[in-house]
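Source file data.pdb; content: PDB, N, CA and C atoms.
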ATOM      1  N   MET A   8      35.713  11.635  32.033
ATOM      2  CA  MET A   8      34.976  11.602  30.779
ATOM      3  C   MET A   8      35.953  11.425  29.620
ATOM      4  N   THR A   9      35.651  10.518  28.731
ATOM      5  CA  THR A   9      36.529  10.218  27.612
ATOM      6  C   THR A   9      36.047  10.934  26.365
ATOM      7  N   ASN A  10      36.995  11.508  25.658
ATOM      8  CA  ASN A  10      36.684  12.215  24.421
ATOM      9  C   ASN A  10      37.089  11.334  23.245
ATOM     10  N   TYR A  11      36.166  11.006  22.357
ATOM     11  CA  TYR A  11      36.423  10.080  21.261
ATOM     12  C   TYR A  11      36.580  10.748  19.904
ATOM     13  N   ASN A  12      36.799  12.045  19.871
ATOM     14  CA  ASN A  12      36.950  12.673  18.552
ATOM     15  C   ASN A  12      38.371  12.487  18.032
ATOM     16  N   CYS A  13      38.580  12.823  16.795
ATOM     17  CA  CYS A  13      39.869  12.570  16.151
ATOM     18  C   CYS A  13      40.784  13.792  16.165
ATOM     19  N   THR A  14      40.490  14.800  16.956
ATOM     20  CA  THR A  14      41.322  15.998  16.950
ATOM     21  C   THR A  14      42.528  15.882  17.879
ATOM     22  N   THR A  15      42.483  14.998  18.846
ATOM     23  CA  THR A  15      43.578  14.908  19.809
ATOM     24  C   THR A  15      44.569  13.794  19.507
ATOM     25  N   LYS A  16      44.199  12.858  18.674
ATOM     26  CA  LYS A  16      45.109  11.780  18.306
ATOM     27  C   LYS A  16      44.841  11.366  16.871
ATOM     28  N   ARG A  17      45.771  10.666  16.298
ATOM     29  CA  ARG A  17      45.629  10.224  14.913
ATOM     30  C   ARG A  17      44.585   9.119  14.805
ATOM     31  N   CYS A  18      43.694   9.237  13.842
ATOM     32  CA  CYS A  18      42.671   8.216  13.612
ATOM     33  C   CYS A  18      43.313   7.009  12.941
ATOM     34  N   SER A  19      42.804   5.823  13.243
ATOM     35  CA  SER A  19      43.423   4.620  12.718
ATOM     36  C   SER A  19      42.748   4.069  11.461
ATOM     37  N   PHE A  20      41.682   4.706  10.998
ATOM     38  CA  PHE A  20      40.990   4.185   9.827
ATOM     39  C   PHE A  20      41.683   4.642   8.551
ATOM     40  N   LYS A  21      41.440   3.915   7.461
ATOM     41  CA  LYS A  21      41.896   4.365   6.154
ATOM     42  C   LYS A  21      40.846   3.973   5.129
ATOM     43  N   TYR A  22      40.834   4.677   4.032
ATOM     44  CA  TYR A  22      39.840   4.438   3.000
ATOM     45  C   TYR A  22      40.227   3.241   2.144
ATOM     46  N   LEU A  23      39.234   2.696   1.465
ATOM     47  CA  LEU A  23      39.495   1.631   0.499
ATOM     48  C   LEU A  23      40.159   2.248  -0.726
ATOM     49  N   ASN A  24      41.161   1.580  -1.242
ATOM     50  CA  ASN A  24      41.795   2.091  -2.459
ATOM     51  C   ASN A  24      41.084   1.525  -3.692
ATOM     52  N   ALA A  25      41.503   1.965  -4.850
ATOM     53  CA  ALA A  25      40.845   1.571  -6.099
ATOM     54  C   ALA A  25      40.934   0.056  -6.323
ATOM     55  N   TYR A  26      42.079  -0.531  -5.997
ATOM     56  CA  TYR A  26      42.239  -1.980  -6.164
ATOM     57  C   TYR A  26      41.230  -2.738  -5.301
ATOM     58  N   GLU A  27      41.097  -2.330  -4.035
ATOM     59  CA  GLU A  27      40.159  -3.003  -3.130
ATOM     60  C   GLU A  27      38.722  -2.855  -3.609
ATOM     61  N   ARG A  28      38.384  -1.681  -4.092
ATOM     62  CA  ARG A  28      37.018  -1.460  -4.601
ATOM     63  C   ARG A  28      36.729  -2.355  -5.806
ATOM     64  N   GLY A  29      37.695  -2.480  -6.688
ATOM     65  CA  GLY A  29      37.538  -3.349  -7.856
ATOM     66  C   GLY A  29      37.421  -4.806  -7.455
ATOM     67  N   LYS A  30      38.230  -5.224  -6.490
ATOM     68  CA  LYS A  30      38.199  -6.604  -5.997
ATOM     69  C   LYS A  30      36.838  -6.898  -5.361
ATOM     70  N   ILE A  31      36.320  -5.958  -4.582
ATOM     71  CA  ILE A  31      35.000  -6.121  -3.962
ATOM     72  C   ILE A  31      33.939  -6.283  -5.036
ATOM     73  N   ALA A  32      33.972  -5.431  -6.039
ATOM     74  CA  ALA A  32      32.981  -5.490  -7.119
ATOM     75  C   ALA A  32      33.040  -6.835  -7.836
ATOM     76  N   ALA A  33      34.263  -7.298  -8.130
ATOM     77  CA  ALA A  33      34.418  -8.568  -8.835
ATOM     78  C   ALA A  33      33.920  -9.741  -7.999
ATOM     79  N   LEU A  34      34.257  -9.751  -6.723
ATOM     80  CA  LEU A  34      33.841 -10.860  -5.853
ATOM     81  C   LEU A  34      32.332 -10.851  -5.609
ATOM     82  N   LEU A  35      31.742  -9.670  -5.497
ATOM     83  CA  LEU A  35      30.283  -9.591  -5.350
ATOM     84  C   LEU A  35      29.593 -10.117  -6.608
ATOM     85  N   LYS A  36      30.167  -9.795  -7.766
ATOM     86  CA  LYS A  36      29.597 -10.265  -9.034
ATOM     87  C   LYS A  36      29.654 -11.788  -9.124
ATOM     88  N   GLU A  37      30.692 -12.386  -8.519
ATOM     89  CA  GLU A  37      30.822 -13.844  -8.485
ATOM     90  C   GLU A  37      29.887 -14.488  -7.467
ATOM     91  N   GLY A  38      29.237 -13.658  -6.650
ATOM     92  CA  GLY A  38      28.299 -14.182  -5.667
ATOM     93  C   GLY A  38      28.912 -14.512  -4.316
ATOM     94  N   LYS A  39      30.129 -14.016  -4.064
ATOM     95  CA  LYS A  39      30.788 -14.266  -2.782
ATOM     96  C   LYS A  39      30.115 -13.449  -1.678
ATOM     97  N   SER A  40      30.196 -13.959  -0.452
ATOM     98  CA  SER A  40      29.555 -13.281   0.680
ATOM     99  C   SER A  40      30.400 -12.101   1.168
ATOM    100  N   ILE A  41      29.755 -11.201   1.880
ATOM    101  CA  ILE A  41      30.423 -10.045   2.462
ATOM    102  C   ILE A  41      31.532 -10.499   3.410
ATOM    103  N   ARG A  42      31.241 -11.506   4.226
ATOM    104  CA  ARG A  42      32.243 -12.002   5.181
ATOM    105  C   ARG A  42      33.449 -12.616   4.472
ATOM    106  N   TYR A  43      33.210 -13.341   3.395
ATOM    107  CA  TYR A  43      34.297 -13.933   2.616
ATOM    108  C   TYR A  43      35.195 -12.831   2.054
ATOM    109  N   ILE A  44      34.581 -11.819   1.474
ATOM    110  CA  ILE A  44      35.331 -10.709   0.889
ATOM    111  C   ILE A  44      36.125  -9.981   1.970
ATOM    112  N   ALA A  45      35.512  -9.755   3.106
ATOM    113  CA  ALA A  45      36.183  -9.068   4.204
ATOM    114  C   ALA A  45      37.431  -9.835   4.645
ATOM    115  N   LYS A  46      37.324 -11.150   4.721
ATOM    116  CA  LYS A  46      38.490 -11.961   5.096
ATOM    117  C   LYS A  46      39.588 -11.867   4.041
ATOM    118  N   GLN A  47      39.220 -11.898   2.775
ATOM    119  CA  GLN A  47      40.197 -11.826   1.698
ATOM    120  C   GLN A  47      40.973 -10.509   1.713
ATOM    121  N   LEU A  48      40.294  -9.427   2.073
ATOM    122  CA  LEU A  48      40.915  -8.101   2.065
ATOM    123  C   LEU A  48      41.383  -7.649   3.447
ATOM    124  N   ALA A  49      41.204  -8.496   4.456
ATOM    125  CA  ALA A  49      41.585  -8.157   5.840
ATOM    126  C   ALA A  49      40.908  -6.862   6.294
ATOM    127  N   ARG A  50      39.616  -6.787   6.052
ATOM    128  CA  ARG A  50      38.796  -5.635   6.432
ATOM    129  C   ARG A  50      37.593  -6.111   7.228
ATOM    130  N   ALA A  51      36.950  -5.197   7.906
ATOM    131  CA  ALA A  51      35.732  -5.517   8.643
ATOM    132  C   ALA A  51      34.578  -5.717   7.660
ATOM    133  N   PRO A  52      33.679  -6.663   7.948
ATOM    134  CA  PRO A  52      32.523  -6.866   7.064
ATOM    135  C   PRO A  52      31.677  -5.591   6.889
ATOM    136  N   SER A  53      31.593  -4.774   7.923
ATOM    137  CA  SER A  53      30.813  -3.531   7.818
ATOM    138  C   SER A  53      31.422  -2.577   6.796
ATOM    139  N   THR A  54      32.735  -2.574   6.685
ATOM    140  CA  THR A  54      33.405  -1.729   5.692
ATOM    141  C   THR A  54      33.045  -2.191   4.283
ATOM    142  N   ILE A  55      33.008  -3.483   4.079
ATOM    143  CA  ILE A  55      32.694  -4.041   2.768
ATOM    144  C   ILE A  55      31.235  -3.747   2.401
ATOM    145  N   SER A  56      30.343  -3.888   3.364
ATOM    146  CA  SER A  56      28.923  -3.696   3.068
ATOM    147  C   SER A  56      28.582  -2.241   2.744
ATOM    148  N   ARG A  57      29.354  -1.314   3.229
ATOM    149  CA  ARG A  57      29.106   0.100   2.950
ATOM    150  C   ARG A  57      29.590   0.472   1.576
TER     151      ARG A  57
END
Would it be possible to restate this file's structure as structure tokens?
Amino acid sequence: MTNYNCTTKRCSFKYLNAYERGKIAALLKEGKSIRYIAKQLARAPSTISR
């Protein structure tokens, strides 16, 4: 049985920083797609949509 919690090993995720949040806001205002923004920031589209 595999345990997937983050208590036994270091988690690999990180939060969006202020610069990334501002860039997302600006690109969304320009009408860019979620996938386009994700590629520009090297992030998953699901991260951008949240």
Can you pull out every residue within 10 Å of Gln47 of chain A, counting only C-alpha atoms, but drop anything in the same chain fewer than 4 positions away, and send it as a short mmCIF file (atom, residue, chain, number, x, y, z; two decimals) with N, CA and C atoms, keeping the file's coordinate frame?
data_model
loop_
_atom_site.label_atom_id
_atom_site.label_comp_id
_atom_site.auth_asym_id
_atom_site.auth_seq_id
_atom_site.Cartn_x
_atom_site.Cartn_y
_atom_site.Cartn_z
N LYS A 30 38.23 -5.22 -6.49
CA LYS A 30 38.20 -6.60 -6.00
C LYS A 30 36.84 -6.90 -5.36
N ILE A 31 36.32 -5.96 -4.58
CA ILE A 31 35.00 -6.12 -3.96
C ILE A 31 33.94 -6.28 -5.04
N LEU A 34 34.26 -9.75 -6.72
CA LEU A 34 33.84 -10.86 -5.85
C LEU A 34 32.33 -10.85 -5.61
N ILE A 41 29.76 -11.20 1.88
CA ILE A 41 30.42 -10.04 2.46
C ILE A 41 31.53 -10.50 3.41
N ARG A 42 31.24 -11.51 4.23
CA ARG A 42 32.24 -12.00 5.18
C ARG A 42 33.45 -12.62 4.47
N TYR A 43 33.21 -13.34 3.40
CA TYR A 43 34.30 -13.93 2.62
C TYR A 43 35.20 -12.83 2.05
#
>> To one decimal place in Å, what is the distance between atom C of Leu23 of chain A and atom C of Lys36 of chain A?
In response: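 A separation of 19.4 Å between them.
One finds atom CA of Tyr22 of chain A at 11.1 Å from atom CA of Ile55 of chain A.
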What are the centre and the three edge lengths of an axis-aligned box that wraps all atoms of segment 40-50 of chain A in the file, given that 3 Å is added to every side, written as lines of an AutoDock Vina configuration file and rounded to one decimal in Å?
center_x = 35.6
center_y = -9.8
center_z = 3.4
size_x = 18.0
size_y = 14.3
size_z = 13.7
Pairwise distance, atom CA of Ser40 of chain A with atom CA of Lys21 of chain A, equals 22.2 Å
Is it possible to produce a file of segment 18-35 of chain A from this structure, with N, CA, C and O atoms, as a JSON list (two decimals), in the first residue's frame?
[["chain", "number", "residue", "atom", "x", "y", "z"],
["A", 18, "CYS", "N", 7.34, 17.73, -0.27],
["A", 18, "CYS", "CA", 6.39, 17.97, -1.35],
["A", 18, "CYS", "C", 7.06, 18.79, -2.44],
["A", 18, "CYS", "O", 7.89, 19.64, -2.16],
["A", 19, "SER", "N", 6.68, 18.55, -3.69],
["A", 19, "SER", "CA", 7.35, 19.22, -4.79],
["A", 19, "SER", "C", 6.61, 20.46, -5.30],
["A", 19, "SER", "O", 7.08, 21.11, -6.21],
["A", 20, "PHE", "N", 5.46, 20.78, -4.73],
["A", 20, "PHE", "CA", 4.71, 21.93, -5.21],
["A", 20, "PHE", "C", 5.25, 23.21, -4.60],
["A", 20, "PHE", "O", 5.91, 23.21, -3.58],
["A", 21, "LYS", "N", 4.97, 24.34, -5.26],
["A", 21, "LYS", "CA", 5.27, 25.63, -4.67],
["A", 21, "LYS", "C", 4.17, 26.60, -5.07],
["A", 21, "LYS", "O", 3.49, 26.41, -6.07],
["A", 22, "TYR", "N", 4.00, 27.63, -4.29],
["A", 22, "TYR", "CA", 2.94, 28.59, -4.53],
["A", 22, "TYR", "C", 3.34, 29.57, -5.62],
["A", 22, "TYR", "O", 4.51, 29.76, -5.91],
["A", 23, "LEU", "N", 2.34, 30.21, -6.20],
["A", 23, "LEU", "CA", 2.60, 31.28, -7.16],
["A", 23, "LEU", "C", 3.10, 32.50, -6.39],
["A", 23, "LEU", "O", 2.56, 32.85, -5.35],
["A", 24, "ASN", "N", 4.11, 33.15, -6.93],
["A", 24, "ASN", "CA", 4.59, 34.37, -6.27],
["A", 24, "ASN", "C", 3.82, 35.58, -6.80],
["A", 24, "ASN", "O", 2.99, 35.48, -7.70],
["A", 25, "ALA", "N", 4.09, 36.73, -6.23],
["A", 25, "ALA", "CA", 3.36, 37.95, -6.59],
["A", 25, "ALA", "C", 3.55, 38.31, -8.07],
["A", 25, "ALA", "O", 2.60, 38.75, -8.73],
["A", 26, "TYR", "N", 4.77, 38.13, -8.57],
["A", 26, "TYR", "CA", 5.03, 38.43, -9.99],
["A", 26, "TYR", "C", 4.16, 37.56, -10.89],
["A", 26, "TYR", "O", 3.55, 38.06, -11.84],
["A", 27, "GLU", "N", 4.11, 36.25, -10.60],
["A", 27, "GLU", "CA", 3.32, 35.33, -11.42],
["A", 27, "GLU", "C", 1.83, 35.68, -11.36],
["A", 27, "GLU", "O", 1.14, 35.64, -12.38],
["A", 28, "ARG", "N", 1.36, 36.03, -10.19],
["A", 28, "ARG", "CA", -0.06, 36.41, -10.05],
["A", 28, "ARG", "C", -0.38, 37.66, -10.87],
["A", 28, "ARG", "O", -1.42, 37.74, -11.53],
["A", 29, "GLY", "N", 0.51, 38.62, -10.84],
["A", 29, "GLY", "CA", 0.32, 39.84, -11.63],
["A", 29, "GLY", "C", 0.36, 39.56, -13.12],
["A", 29, "GLY", "O", -0.43, 40.11, -13.89],
["A", 30, "LYS", "N", 1.28, 38.70, -13.54],
["A", 30, "LYS", "CA", 1.41, 38.33, -14.95],
["A", 30, "LYS", "C", 0.14, 37.61, -15.41],
["A", 30, "LYS", "O", -0.38, 37.87, -16.49],
["A", 31, "ILE", "N", -0.38, 36.71, -14.58],
["A", 31, "ILE", "CA", -1.63, 36.00, -14.91],
["A", 31, "ILE", "C", -2.76, 37.00, -15.08],
["A", 31, "ILE", "O", -3.52, 36.94, -16.05],
["A", 32, "ALA", "N", -2.89, 37.92, -14.15],
["A", 32, "ALA", "CA", -3.96, 38.92, -14.21],
["A", 32, "ALA", "C", -3.86, 39.75, -15.49],
["A", 32, "ALA", "O", -4.86, 39.99, -16.17],
["A", 33, "ALA", "N", -2.63, 40.18, -15.82],
["A", 33, "ALA", "CA", -2.44, 41.00, -17.01],
["A", 33, "ALA", "C", -2.76, 40.23, -18.28],
["A", 33, "ALA", "O", -3.43, 40.75, -19.19],
["A", 34, "LEU", "N", -2.31, 38.99, -18.36],
["A", 34, "LEU", "CA", -2.56, 38.19, -19.57],
["A", 34, "LEU", "C", -4.04, 37.82, -19.71],
["A", 34, "LEU", "O", -4.57, 37.79, -20.82],
["A", 35, "LEU", "N", -4.71, 37.56, -18.60],
["A", 35, "LEU", "CA", -6.15, 37.29, -18.66],
["A", 35, "LEU", "C", -6.90, 38.53, -19.15],
["A", 35, "LEU", "O", -7.85, 38.41, -19.92]]
